[in-house]
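Scroll down for the structure; my scribbles are underneath it.
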Amino acid sequence: AAAHAITRFVVEFKPEVRLEQWDRGAVSVHRGALLFSLPIRPKYEVYAHHFGTADMSNDYFLTPTSEWRFALDVDPRNPARNLSFSRQKLAPGAAPYNHSGWTVTVRAPLRRLPSWGIVANSAAQPPQSPACSAEFGDACGP
């Protein structure tokens, strides 16, 4: 019997970091196909139950239990200069795109934005960007 050769291919991507601009100058951070966001700790409150056991088919109110009002403090002309990405191996049996155990994370400089409010139980429209200036110190305003 002839020996079988095994060919192995390894593909490594070096995706570019980009910012996508939204209303009022707000931006989102992307790297390749991934969109990054601030992990906000939620409080779940059931407001409607439709059928089944207590854990099935519920509607929830989610309210934040961690701070979420931040301005991203990056150079829009060169976002990679201010953003650093890290990769971790996926733990065996873990789901790659769930709410914990992320395999890719980003560290980004943020500044508090306490004037960003809540309207109709949701985040209000983001303040006009740039929302930060030297006059506000480490927070942003007005």
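Every chain in the structure tokens takes a letter, A first, then B, and so on in the order presented; its residues are numbered from 1, and the ligands are numbered from 1 following the presented order.
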
Long-range neighbours of Pro39 of chain A as a compact mmCIF listing (two decimals) with N, CA, C and O atoms, in the first residue's frame, 10 Å cut-off, only C-alpha atoms, 3 positions minimum in chain:
# COMPACT_ATOMS: atom_id res chain seq x y z
N PHE A 36 -17.17 45.20 17.32
CA PHE A 36 -16.87 45.14 18.75
C PHE A 36 -17.79 46.08 19.50
O PHE A 36 -18.18 47.13 19.00
N PRO A 42 -26.15 43.11 32.26
CA PRO A 42 -27.59 43.37 32.31
C PRO A 42 -28.26 42.81 33.55
O PRO A 42 -27.79 41.85 34.16
N SER A 66 -23.93 47.98 34.82
CA SER A 66 -22.58 48.54 34.72
C SER A 66 -22.65 49.81 33.89
O SER A 66 -23.61 50.02 33.13
N GLU A 67 -21.66 50.65 34.03
CA GLU A 67 -21.65 51.92 33.29
C GLU A 67 -21.54 51.64 31.80
O GLU A 67 -20.85 50.72 31.38
N TRP A 68 -22.26 52.41 31.01
CA TRP A 68 -22.26 52.24 29.56
C TRP A 68 -22.04 53.55 28.81
O TRP A 68 -21.82 53.54 27.60
N HIS A 99 -22.06 35.24 25.14
CA HIS A 99 -21.89 36.47 25.93
C HIS A 99 -20.72 36.42 26.90
O HIS A 99 -20.61 37.25 27.78
N SER A 100 -19.85 35.45 26.75
CA SER A 100 -18.66 35.37 27.61
C SER A 100 -17.62 34.52 26.91
O SER A 100 -17.91 33.83 25.93

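Interatomic distance, atom CA of Pro64 of chain A against atom CA of Leu110 of chain A: 17.9 Å.
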
Taking the backbone alone, and naming residues the way the document does, which bits of chain A are strand (DSSP E or B) by DSSP, as a ChimeraX atom specification? /A:17-21,27-31,34-36,42-49,58-64,70-72,84-87,104-107,110-112,118-119,122-123,139

Which residue gives the smallest distance to Ser84 of chain A among A:Ile6, A:Asn58, A:Phe70, A:Val29, with only C-alpha atoms counted? A:Val29

Within 8 Å of segment 17-21 of chain A using only C-alpha atoms, minus same-chain residues under 2 positions, as a PyMOL selection string: chain A and resi 15+23+25-32+76+79-80

Could you give me, as a VMD selection string, the residues within 7 Å of Arg24 of chain A, counting only C-alpha atoms and dropping anything in the same chain fewer than 4 positions from it? chain A and resid 127 to 129
